[in-house]
>>> print(open('entry.txt').read())   # compact mmCIF, C-alpha atoms and all ligand atoms
# COMPACT_ATOMS: atom_id res chain seq x y z
CA MET A 6 -8.43 -11.96 -8.13
CA ALA A 7 -6.83 -12.24 -4.74
CA VAL A 8 -8.44 -15.07 -2.86
CA TYR A 9 -5.86 -17.39 -1.40
CA THR A 10 -8.08 -19.09 1.18
CA ASP A 11 -11.56 -20.54 0.67
CA VAL A 12 -14.17 -19.95 3.35
CA SER A 13 -16.91 -22.55 3.79
CA ASP A 14 -20.50 -21.48 4.48
CA ASP A 15 -20.40 -23.16 7.90
CA ALA A 16 -17.12 -21.50 8.95
CA LEU A 17 -18.47 -18.11 7.82
CA ALA A 18 -21.75 -18.59 9.70
CA SER A 19 -20.02 -19.40 12.99
CA PHE A 20 -17.57 -16.48 12.54
CA ILE A 21 -20.35 -13.99 11.82
CA ALA A 22 -22.44 -15.24 14.74
CA ARG A 23 -20.05 -13.42 17.10
CA TYR A 24 -21.00 -10.02 15.61
CA ASP A 25 -24.15 -7.91 15.74
CA LEU A 26 -24.42 -7.86 11.95
CA GLY A 27 -27.52 -10.01 11.42
CA ALA A 28 -27.79 -12.73 8.78
CA VAL A 29 -25.45 -13.05 5.81
CA LEU A 30 -27.18 -12.00 2.57
CA SER A 31 -24.24 -12.47 0.20
CA PHE A 32 -20.52 -13.22 0.30
CA LYS A 33 -18.16 -12.84 -2.67
CA GLY A 34 -14.40 -12.88 -3.26
CA ILE A 35 -13.11 -9.49 -4.47
CA ALA A 36 -11.43 -9.26 -7.86
CA GLU A 37 -8.65 -6.87 -6.83
CA GLY A 38 -5.64 -6.83 -4.54
CA VAL A 39 -2.66 -9.15 -4.27
CA GLU A 40 -1.78 -9.38 -0.60
CA ASN A 41 -4.72 -10.69 1.40
CA SER A 42 -7.97 -12.55 0.72
CA ASN A 43 -10.80 -10.00 0.65
CA PHE A 44 -14.52 -10.66 0.48
CA LEU A 45 -17.52 -8.40 0.10
CA LEU A 46 -19.78 -9.47 2.94
CA VAL A 47 -23.36 -8.20 2.82
CA THR A 48 -25.41 -8.79 5.95
CA GLU A 49 -28.65 -7.34 7.32
CA ALA A 50 -26.41 -4.56 8.71
CA GLY A 51 -25.19 -3.61 5.20
CA PRO A 52 -21.99 -4.18 3.20
CA HIS A 53 -18.65 -4.82 4.91
CA ILE A 54 -15.23 -6.13 3.89
CA LEU A 55 -14.00 -9.38 5.40
CA THR A 56 -10.21 -9.81 5.19
CA LEU A 57 -8.20 -12.95 5.83
CA TYR A 58 -4.58 -11.96 6.44
CA GLU A 59 -2.15 -13.92 4.29
CA LYS A 60 1.56 -14.49 3.60
CA ARG A 61 3.26 -11.11 4.21
CA VAL A 62 1.22 -10.07 7.20
CA ASP A 63 2.82 -10.93 10.52
CA PRO A 64 -0.03 -11.61 12.99
CA ASN A 65 1.97 -9.67 15.62
CA ASP A 66 1.49 -6.55 13.48
CA LEU A 67 -2.30 -6.79 13.34
CA PRO A 68 -2.91 -4.73 16.51
CA PHE A 69 -0.85 -1.93 14.86
CA PHE A 70 -2.96 -2.02 11.67
CA ILE A 71 -6.30 -2.28 13.47
CA GLY A 72 -5.34 0.41 15.99
CA LEU A 73 -4.06 2.72 13.25
CA MET A 74 -7.32 2.57 11.29
CA GLU A 75 -9.23 3.36 14.48
CA HIS A 76 -6.82 6.20 15.33
CA LEU A 77 -7.06 7.74 11.84
CA ALA A 78 -10.83 7.35 11.60
CA GLY A 79 -11.12 9.09 14.97
CA ARG A 80 -9.13 12.01 13.56
CA GLY A 81 -11.20 12.61 10.47
CA ILE A 82 -9.47 10.38 7.89
CA THR A 83 -12.01 8.40 5.88
CA CYS A 84 -10.63 4.88 6.09
CA PRO A 85 -12.05 1.46 6.97
CA LEU A 86 -13.10 1.15 10.59
CA PRO A 87 -12.65 -2.31 12.12
CA VAL A 88 -15.88 -3.80 13.47
CA ARG A 89 -15.69 -5.26 16.96
CA ASP A 90 -17.58 -8.40 17.94
CA ARG A 91 -19.78 -8.66 21.03
CA SER A 92 -16.73 -9.40 23.20
CA GLY A 93 -14.96 -6.26 21.91
CA ALA A 94 -12.46 -8.12 19.69
CA ALA A 95 -11.62 -6.72 16.25
CA LEU A 96 -9.58 -9.78 15.26
CA GLY A 97 -10.64 -13.41 15.02
CA THR A 98 -9.68 -16.58 13.18
CA LEU A 99 -11.45 -17.88 10.09
CA ALA A 100 -10.39 -20.78 7.86
CA GLY A 101 -7.16 -20.97 9.85
CA ARG A 102 -6.24 -17.34 9.14
CA PRO A 103 -6.36 -14.18 11.25
CA ALA A 104 -9.47 -12.32 10.07
CA ALA A 105 -11.24 -8.98 10.55
CA ILE A 106 -14.36 -7.24 9.33
CA VAL A 107 -14.06 -3.56 8.40
CA THR A 108 -16.56 -0.97 7.21
CA PHE A 109 -17.20 -0.65 3.47
CA LEU A 110 -16.11 2.64 1.88
CA GLU A 111 -18.06 4.18 -1.01
CA GLY A 112 -16.10 5.28 -4.04
CA MET A 113 -14.10 4.09 -7.03
CA SER A 114 -10.39 3.89 -7.62
CA VAL A 115 -9.20 5.77 -10.71
CA ARG A 116 -7.70 3.80 -13.57
CA ARG A 117 -6.10 6.75 -15.36
CA PRO A 118 -5.08 9.32 -12.77
CA ARG A 119 -5.18 12.96 -13.88
CA VAL A 120 -3.34 15.95 -12.43
CA LEU A 121 -6.24 16.78 -10.09
CA HIS A 122 -6.15 13.25 -8.63
CA CYS A 123 -2.41 13.52 -8.00
CA ALA A 124 -2.87 16.84 -6.20
CA ALA A 125 -5.66 15.37 -4.07
CA VAL A 126 -3.55 12.32 -3.17
CA GLY A 127 -0.65 14.55 -2.12
CA GLU A 128 -2.98 16.48 0.20
CA ALA A 129 -4.59 13.31 1.57
CA LEU A 130 -1.21 11.75 2.28
CA ALA A 131 -0.08 14.80 4.26
CA HIS A 132 -3.41 14.84 6.14
CA MET A 133 -2.86 11.17 6.99
CA HIS A 134 0.65 11.86 8.25
CA ALA A 135 -0.63 14.65 10.47
CA ALA A 136 -3.58 12.60 11.75
CA ALA A 137 -1.30 9.67 12.64
CA GLU A 138 0.74 11.83 15.02
CA GLY A 139 0.28 10.58 18.55
CA PHE A 140 -0.59 7.01 17.52
CA ALA A 141 0.82 5.01 20.41
CA ILE A 142 2.02 1.83 18.66
CA THR A 143 5.05 1.75 16.38
CA ARG A 144 6.04 -0.69 13.64
CA ARG A 145 9.40 -0.65 11.91
CA ASN A 146 9.32 -0.78 8.13
CA ALA A 147 9.97 -4.43 7.29
CA LEU A 148 10.52 -3.45 3.64
CA THR A 149 13.14 -0.72 3.91
CA VAL A 150 16.77 -0.53 2.86
CA ASP A 151 18.19 -3.10 5.29
CA SER A 152 15.68 -5.74 4.18
CA TRP A 153 16.04 -5.32 0.41
CA ARG A 154 19.18 -7.49 0.06
CA PRO A 155 17.76 -10.48 2.01
CA LEU A 156 14.50 -10.09 0.10
CA PHE A 157 16.36 -10.13 -3.21
CA ALA A 158 18.35 -13.22 -2.15
CA ARG A 159 15.09 -15.16 -2.39
CA SER A 160 14.70 -14.27 -6.10
CA ALA A 161 18.27 -13.65 -7.27
CA GLY A 162 18.85 -17.16 -8.66
CA ARG A 163 15.89 -16.81 -11.05
CA ALA A 164 15.99 -13.04 -11.72
CA ASP A 165 17.59 -13.47 -15.14
CA THR A 166 14.69 -15.68 -16.25
CA VAL A 167 12.58 -12.52 -16.05
CA LEU A 168 15.10 -10.28 -17.83
CA SER A 169 18.65 -11.06 -18.87
CA GLY A 170 21.09 -9.08 -16.70
CA LEU A 171 18.47 -8.25 -14.06
CA ARG A 172 20.38 -9.93 -11.22
CA ARG A 173 23.50 -7.83 -11.81
CA GLU A 174 21.52 -4.62 -12.25
CA ILE A 175 19.67 -5.11 -8.96
CA GLU A 176 22.86 -6.05 -7.09
CA THR A 177 24.55 -2.85 -8.28
CA GLU A 178 21.54 -0.78 -7.27
CA LEU A 179 21.38 -2.40 -3.82
CA GLY A 180 24.98 -1.38 -3.18
CA ALA A 181 24.33 2.19 -4.30
CA LEU A 182 21.21 2.60 -2.16
CA GLU A 183 22.75 0.99 0.92
CA ALA A 184 25.64 3.46 0.66
CA GLN A 185 23.51 6.58 0.15
CA TRP A 186 20.24 5.99 2.01
CA PRO A 187 19.47 8.96 4.31
CA ALA A 188 20.28 8.40 7.97
CA ALA A 189 17.68 10.85 9.23
CA LEU A 190 14.68 12.73 7.84
CA PRO A 191 11.36 13.74 9.46
CA ALA A 192 9.62 10.47 10.30
CA GLY A 193 6.23 9.21 11.43
CA VAL A 194 3.56 6.71 10.48
CA ILE A 195 3.42 6.19 6.71
CA HIS A 196 0.89 4.32 4.56
CA ALA A 197 3.71 2.86 2.40
CA ASP A 198 1.40 1.55 -0.38
CA LEU A 199 -0.80 4.48 -1.45
CA PHE A 200 -1.32 3.27 -5.02
CA PRO A 201 -4.37 4.18 -7.14
CA ASP A 202 -6.19 0.98 -6.09
CA ASN A 203 -5.96 2.10 -2.47
CA VAL A 204 -7.57 5.53 -2.93
CA PHE A 205 -11.28 6.02 -3.61
CA PHE A 206 -12.91 8.97 -5.37
CA LEU A 207 -16.54 10.01 -5.68
CA GLY A 208 -16.56 12.06 -8.86
CA ASP A 209 -13.40 14.13 -8.68
CA ALA A 210 -13.36 14.31 -4.88
CA LEU A 211 -11.14 11.96 -2.89
CA SER A 212 -13.47 9.94 -0.66
CA GLY A 213 -11.26 7.52 1.26
CA LEU A 214 -8.03 5.59 1.76
CA ILE A 215 -7.80 1.81 2.23
CA ASP A 216 -5.25 -0.98 2.69
CA PHE A 217 -3.08 0.04 5.63
CA TYR A 218 -1.34 -3.34 5.78
CA PHE A 219 2.11 -2.02 4.87
CA ALA A 220 1.82 0.99 7.21
CA CYS A 221 4.82 1.50 9.46
CA ASN A 222 7.15 4.14 10.91
CA ASP A 223 9.56 5.59 8.37
CA PHE A 224 10.53 8.83 6.62
CA LEU A 225 7.40 10.81 5.70
CA ALA A 226 8.92 11.88 2.37
CA TYR A 227 9.47 8.20 1.49
CA ASP A 228 5.67 7.81 1.49
CA LEU A 229 5.45 10.68 -1.01
CA ALA A 230 8.09 8.92 -3.12
CA VAL A 231 6.03 5.69 -3.15
CA SER A 232 3.01 7.66 -4.37
CA ILE A 233 4.94 9.64 -7.01
CA ASN A 234 6.01 6.29 -8.47
CA ALA A 235 2.52 4.86 -8.33
CA TRP A 236 0.55 7.85 -9.65
CA CYS A 237 2.77 10.07 -11.78
CA PHE A 238 4.24 7.82 -14.47
CA GLU A 239 2.51 7.41 -17.83
CA PRO A 240 1.85 3.98 -19.40
CA ASP A 241 4.77 4.63 -21.80
CA GLY A 242 7.13 4.69 -18.78
CA ALA A 243 7.77 8.46 -18.71
CA LEU A 244 7.35 10.54 -15.55
CA ASN A 245 4.59 13.13 -15.99
CA VAL A 246 6.28 16.09 -14.31
CA THR A 247 3.01 18.05 -14.16
CA LYS A 248 1.47 15.26 -12.08
CA ALA A 249 4.52 14.93 -9.81
CA LYS A 250 4.63 18.69 -9.31
CA ALA A 251 0.90 18.72 -8.44
CA MET A 252 1.31 15.86 -5.96
CA ILE A 253 4.34 17.41 -4.27
CA ALA A 254 2.63 20.81 -4.11
CA GLY A 255 -0.59 19.22 -2.75
CA TYR A 256 1.43 17.52 -0.02
CA GLY A 257 3.30 20.73 0.76
CA ARG A 258 0.07 22.73 1.16
CA ILE A 259 -0.79 20.58 4.20
CA ARG A 260 2.69 19.72 5.48
CA PRO A 261 5.49 21.85 4.05
CA LEU A 262 8.50 19.76 3.05
CA GLY A 263 11.91 20.70 4.43
CA ALA A 264 14.82 21.43 2.09
CA GLU A 265 16.52 18.18 3.11
CA GLU A 266 13.37 16.19 2.23
CA ILE A 267 13.12 17.85 -1.20
CA ALA A 268 16.80 17.20 -1.89
CA ALA A 269 16.35 13.53 -0.90
CA LEU A 270 13.34 12.93 -3.19
CA PRO A 271 15.21 11.41 -6.17
CA LEU A 272 16.96 8.95 -3.87
CA LEU A 273 13.75 8.13 -1.98
CA CYS A 274 11.92 7.55 -5.29
CA ARG A 275 14.76 5.28 -6.37
CA GLY A 276 14.51 3.25 -3.16
CA ALA A 277 10.73 3.10 -3.42
CA ALA A 278 11.06 1.81 -7.00
CA LEU A 279 13.51 -0.90 -5.93
CA ARG A 280 11.25 -1.95 -3.03
CA PHE A 281 8.28 -2.59 -5.35
CA LEU A 282 10.51 -4.15 -8.01
CA LEU A 283 11.73 -6.65 -5.39
CA THR A 284 8.34 -7.64 -3.98
CA ARG A 285 6.84 -7.88 -7.47
CA LEU A 286 9.79 -9.98 -8.66
CA TYR A 287 9.34 -12.37 -5.73
CA ASP A 288 5.59 -12.61 -6.32
CA TRP A 289 6.10 -13.10 -10.08
CA LEU A 290 8.38 -16.06 -9.41
CA ASN A 291 6.30 -17.55 -6.57
CA VAL A 292 2.59 -17.64 -7.44
CA PRO A 293 0.99 -20.02 -4.89
CA PRO A 294 -0.56 -23.04 -6.64
CA GLY A 295 -4.33 -22.62 -6.94
CA ALA A 296 -4.35 -18.93 -5.90
CA LEU A 297 -6.67 -16.63 -7.80
CA VAL A 298 -4.23 -13.76 -8.29
CA ARG A 299 -2.60 -11.94 -11.18
CA PRO A 300 0.94 -10.94 -10.16
CA LYS A 301 2.02 -7.40 -11.03
CA ASP A 302 4.74 -6.65 -13.59
CA PRO A 303 8.13 -6.22 -11.86
CA LEU A 304 9.69 -4.62 -14.93
CA GLU A 305 7.35 -1.62 -14.69
CA TYR A 306 9.34 -0.77 -11.57
CA LEU A 307 12.69 -1.44 -13.21
CA ARG A 308 11.79 1.25 -15.79
CA LYS A 309 10.87 3.67 -12.99
CA LEU A 310 14.08 2.85 -11.15
CA ARG A 311 16.13 3.64 -14.25
CA PHE A 312 14.38 7.01 -14.58
CA HIS A 313 15.28 7.93 -10.99
CA GLN A 314 18.88 6.84 -11.43
CA ARG A 315 19.18 9.47 -14.17
CA ALA A 316 17.04 12.17 -12.54
CA GLY A 317 19.77 14.14 -10.82
CA SER A 318 17.80 16.57 -8.69
CA ALA A 319 14.31 17.22 -7.32
CA ALA A 320 13.79 19.74 -10.12
CA ALA A 321 13.24 16.75 -12.44
CA TYR A 322 10.05 16.09 -10.43
CA GLY A 323 8.85 19.69 -10.48
CA ALA A 324 9.74 20.14 -6.79
CA GLU A 325 10.66 23.64 -5.72
CA ALA A 326 13.51 23.94 -3.22
N1 LIG A 401 -13.09 -0.91 3.19
C1 LIG A 401 -13.30 -1.14 1.90
N2 LIG A 401 -14.38 -0.62 1.28
C2 LIG A 401 -14.63 -0.90 -0.02
N3 LIG A 401 -13.88 -1.71 -0.78
C3 LIG A 401 -12.79 -2.26 -0.21
C4 LIG A 401 -12.44 -2.00 1.14
N4 LIG A 401 -11.31 -2.70 1.42
C5 LIG A 401 -10.99 -3.35 0.29
N5 LIG A 401 -11.87 -3.10 -0.70
C6 LIG A 401 -11.84 -3.64 -2.05
O1 LIG A 401 -11.00 -4.79 -2.04
C7 LIG A 401 -9.90 -4.61 -2.93
C8 LIG A 401 -8.67 -5.25 -2.36
O2 LIG A 401 -8.37 -4.65 -1.10
P1 LIG A 401 -6.87 -4.38 -0.64
O3 LIG A 401 -6.93 -3.97 0.79
O4 LIG A 401 -6.19 -3.46 -1.60
O5 LIG A 401 -6.30 -5.84 -0.78
P2 LIG A 401 -4.83 -6.37 -0.66
O6 LIG A 401 -4.37 -6.03 0.72
O7 LIG A 401 -4.98 -7.83 -0.92
O8 LIG A 401 -4.02 -5.70 -1.73
C9 LIG A 401 -9.79 -3.11 -3.12
O9 LIG A 401 -9.19 -2.76 -4.33
C10 LIG A 401 -11.25 -2.68 -3.07
O10 LIG A 401 -11.89 -2.91 -4.30
N1 LIG A 402 0.87 -1.98 -4.51
C1 LIG A 402 1.77 -3.08 -4.64
C2 LIG A 402 1.20 -4.41 -4.32
C3 LIG A 402 0.34 -4.45 -3.09
O1 LIG A 402 -0.96 -4.57 -3.56
P1 LIG A 402 -2.20 -3.74 -3.03
O2 LIG A 402 -3.31 -4.27 -3.84
O3 LIG A 402 -2.21 -4.07 -1.57
O4 LIG A 402 -1.92 -2.28 -3.30
C4 LIG A 402 2.34 -3.15 -6.08
O5 LIG A 402 1.73 -2.53 -6.95
O6 LIG A 402 3.34 -3.82 -6.29
>>> encode(input="entry.txt", output="structure tokens")
Amino acid sequence: MAVYTDVSDDALASFIARYDLGAVLSFKGIAEGVENSNFLLVTEAGPHILTLYEKRVDPNDLPFFIGLMEHLAGRGITCPLPVRDRSGAALGTLAGRPAAIVTFLEGMSVRRPRVLHCAAVGEALAHMHAAAEGFAITRRNALTVDSWRPLFARSAGRADTVLSGLRREIETELGALEAQWPAALPAGVIHADLFPDNVFFLGDALSGLIDFYFACNDFLAYDLAVSINAWCFEPDGALNVTKAKAMIAGYGRIRPLGAEEIAALPLLCRGAALRFLLTRLYDWLNVPPGALVRPKDPLEYLRKLRFHQRAGSAAAYGAEA
């Protein structure tokens, strides 16, 4: 459960009093997520999500995240819409943290994605990329290739307590990716964390996208790589090529990929695997005392990374040049 910060009844009541949401009927910490503290807030106006922004969120980035959700929602993407208080502010402070209330989305995340889900996610990702065009604010990716080495430096000394030889393996991979990372590919606003827990379905139909708190400007095909990693591997660690092919084809139906993006996919998947290996490794080694959170397994992403190192070409993912 990700609740890092407790909210007292009094603090909640004075925070909510600024909004036209009526009285609080219930307020519960949410048993998913690892980044921020999220609460299901039910008021006379219905259910909403209250988020307190924690460790990795730079408060200077909040106008980007809030503005992006408003931009996307205004262009037909079903995503949380920030609620503004009576003064017009979407951001406030609660329990010493930056805080916002967003609309509640109906739907369920899928625990065992099937091919049809992967195809739908590919399409939704491309729709999101298209809808984000014209968004006025930019945010550089704070978790791309140039930040991986300093991020790893914070875990390197203890990496081998997680797996013997891990420090050396990551250092070798950092060197390889720094040398080969693409200099230029089509770029725009990416979600950067479109994992199964961040996509809702009603039945088999995709009903919404959440959790835009890693969104940034970067290569569009890198976003597809993040999602291939998150959706298309089986629990035994093998890539399901049918799922990857369906996701890539779904994406391409909405925004055709260029030949240079297809050729770069194995490398982008490799970088995306290292990025999540590094953040998971840091979180695994640094659980805040008293936090209600279950850190995610870094070694799942080491296994994915090793697959991509061997993949060779985009054909291994079912991508057609
Ligand atoms: N707008 C929303 N509508 C419905 N449920 C939401 C919404 N936002 C978050 N949730 C719920 O809260 C959980 C954690 O949210 P998420 O944004 O993924 O947190 P974190 O940023 O901490 O990873 C989600 O898995 C989902 O169950
Ligand atoms: N998706 C990341 C962790 C970020 O958590 P989320 O709940 O915000 O998706 C991972 O799996 O490492």
>>> residues_near_ligand(input="entry.txt", ligand="ligand LIG 401 (chain A)", cutoff="10 Å", atoms="all atoms listed in the file", output="VMD selection string")
chain A and resid 6 to 9 34 to 45 52 to 59 61 to 62 83 to 87 106 to 114 198 to 205 213 to 219 298
>>> atom_distance(input="entry.txt", atom1="atom CA of Leu77 of chain A", atom2="atom CA of Ser212 of chain A")
14.2 Å
>>> closest_atom_pairs(input="entry.txt", of="segment 144-231 of chain A", to="segment 281-291 of chain A", cutoff="9 Å", atoms="only C-alpha atoms", output="tab-separated table")
residue	atom	partner	partner_atom	distance
A:Leu148	CA	A:Thr284	CA	9.0
A:Trp153	CA	A:Leu283	CA	7.3
A:Leu156	CA	A:Leu283	CA	7.0
A:Phe157	CA	A:Leu283	CA	6.2
A:Arg159	CA	A:Tyr287	CA	7.2
A:Ser160	CA	A:Tyr287	CA	5.7
A:Arg163	CA	A:Leu290	CA	7.7
A:Ala164	CA	A:Leu286	CA	7.6
A:Val167	CA	A:Leu286	CA	8.3
A:Ile175	CA	A:Leu283	CA	8.8
A:Val231	CA	A:Phe281	CA	8.9
>>> closest_residue(input="entry.txt", among="A:Pro271, A:Gly127, A:Gly242, A:Pro187", to="Tyr256 of chain A", atoms="only C-alpha atoms")
A:Gly127
>>> residues_near_point(input="entry.txt", point="(3.0, 2.4, 16.6)", cutoff="8 Å", atoms="only C-alpha atoms", output="mmCIF file with C-alpha atoms, keeping the file's coordinate frame")
data_model
loop_
_atom_site.group_PDB
_atom_site.id
_atom_site.type_symbol
_atom_site.label_atom_id
_atom_site.label_comp_id
_atom_site.auth_asym_id
_atom_site.auth_seq_id
_atom_site.Cartn_x
_atom_site.Cartn_y
_atom_site.Cartn_z
ATOM 1 C CA PHE A 69 -0.850 -1.930 14.860
ATOM 2 C CA LEU A 73 -4.060 2.720 13.250
ATOM 3 C CA PHE A 140 -0.590 7.010 17.520
ATOM 4 C CA ALA A 141 0.820 5.010 20.410
ATOM 5 C CA ILE A 142 2.020 1.830 18.660
ATOM 6 C CA THR A 143 5.050 1.750 16.380
ATOM 7 C CA ARG A 144 6.040 -0.690 13.640
ATOM 8 C CA VAL A 194 3.560 6.710 10.480
ATOM 9 C CA CYS A 221 4.820 1.500 9.460
ATOM 10 C CA ASN A 222 7.150 4.140 10.910
#
>>> closest_residue(input="entry.txt", among="A:Cys123, A:Leu96, A:Ala105, A:Leu211", to="Asn245 of chain A", atoms="all atoms listed in the file")
A:Cys123
>>> residues_around(input="entry.txt", residues="Ala136 of chain A", least_positions_apart="2", cutoff="9 Å", atoms="all atoms listed in the file", output="ChimeraX atom specification")
/A:76-82,131-134,138-140
>>> closest_residue(input="entry.txt", among="A:Asn65, A:Gly323, A:Gly276, A:Gly317", to="Ala181 of chain A", atoms="all atoms listed in the file")
A:Gly276
>>> closest_residue(input="entry.txt", among="A:Arg299, A:Ala189, A:Ala243, A:Ala277", to="Glu265 of chain A", atoms="only C-alpha atoms")
A:Ala189
>>> atom_distance(input="entry.txt", atom1="atom CA of Pro303 of chain A", atom2="atom CA of Ala220 of chain A")
21.3 Å
>>> decode(input="entry.txt", residues="segment 20-53 of chain A", atoms="C-alpha atoms", output="PDB file, in the first residue's frame")
ATOM      1  CA  PHE A  20      -8.278  21.329   2.770  1.00  0.00           C
ATOM      2  CA  ILE A  21     -11.634  20.167   1.404  1.00  0.00           C
ATOM      3  CA  ALA A  22     -13.393  23.320   2.606  1.00  0.00           C
ATOM      4  CA  ARG A  23     -11.738  25.215  -0.280  1.00  0.00           C
ATOM      5  CA  TYR A  24     -13.581  23.078  -2.865  1.00  0.00           C
ATOM      6  CA  ASP A  25     -17.214  22.836  -3.938  1.00  0.00           C
ATOM      7  CA  LEU A  26     -17.324  19.123  -3.137  1.00  0.00           C
ATOM      8  CA  GLY A  27     -19.636  19.100  -0.104  1.00  0.00           C
ATOM      9  CA  ALA A  28     -18.987  17.083   3.037  1.00  0.00           C
ATOM     10  CA  VAL A  29     -16.528  14.192   3.251  1.00  0.00           C
ATOM     11  CA  LEU A  30     -18.352  10.845   3.428  1.00  0.00           C
ATOM     12  CA  SER A  31     -15.305   8.566   3.478  1.00  0.00           C
ATOM     13  CA  PHE A  32     -11.540   8.738   3.061  1.00  0.00           C
ATOM     14  CA  LYS A  33      -9.270   5.707   2.598  1.00  0.00           C
ATOM     15  CA  GLY A  34      -5.638   5.067   1.644  1.00  0.00           C
ATOM     16  CA  ILE A  35      -5.355   3.165  -1.657  1.00  0.00           C
ATOM     17  CA  ALA A  36      -3.669  -0.230  -1.694  1.00  0.00           C
ATOM     18  CA  GLU A  37      -1.760   0.233  -4.953  1.00  0.00           C
ATOM     19  CA  GLY A  38       1.010   2.412  -6.341  1.00  0.00           C
ATOM     20  CA  VAL A  39       4.518   3.086  -5.101  1.00  0.00           C
ATOM     21  CA  GLU A  40       5.275   6.706  -5.886  1.00  0.00           C
ATOM     22  CA  ASN A  41       2.768   8.996  -4.194  1.00  0.00           C
ATOM     23  CA  SER A  42       0.235   8.776  -1.364  1.00  0.00           C
ATOM     24  CA  ASN A  43      -3.207   8.238  -2.893  1.00  0.00           C
ATOM     25  CA  PHE A  44      -6.561   8.279  -1.147  1.00  0.00           C
ATOM     26  CA  LEU A  45     -10.081   7.501  -2.294  1.00  0.00           C
ATOM     27  CA  LEU A  46     -12.042  10.544  -1.200  1.00  0.00           C
ATOM     28  CA  VAL A  47     -15.824  10.233  -1.306  1.00  0.00           C
ATOM     29  CA  THR A  48     -17.750  13.459  -0.772  1.00  0.00           C
ATOM     30  CA  GLU A  49     -21.318  14.562  -1.445  1.00  0.00           C
ATOM     31  CA  ALA A  50     -20.057  15.311  -4.980  1.00  0.00           C
ATOM     32  CA  GLY A  51     -19.026  11.662  -5.526  1.00  0.00           C
ATOM     33  CA  PRO A  52     -15.717   9.759  -5.536  1.00  0.00           C
ATOM     34  CA  HIS A  53     -12.403  11.496  -6.265  1.00  0.00           C
TER      35      HIS A  53
END
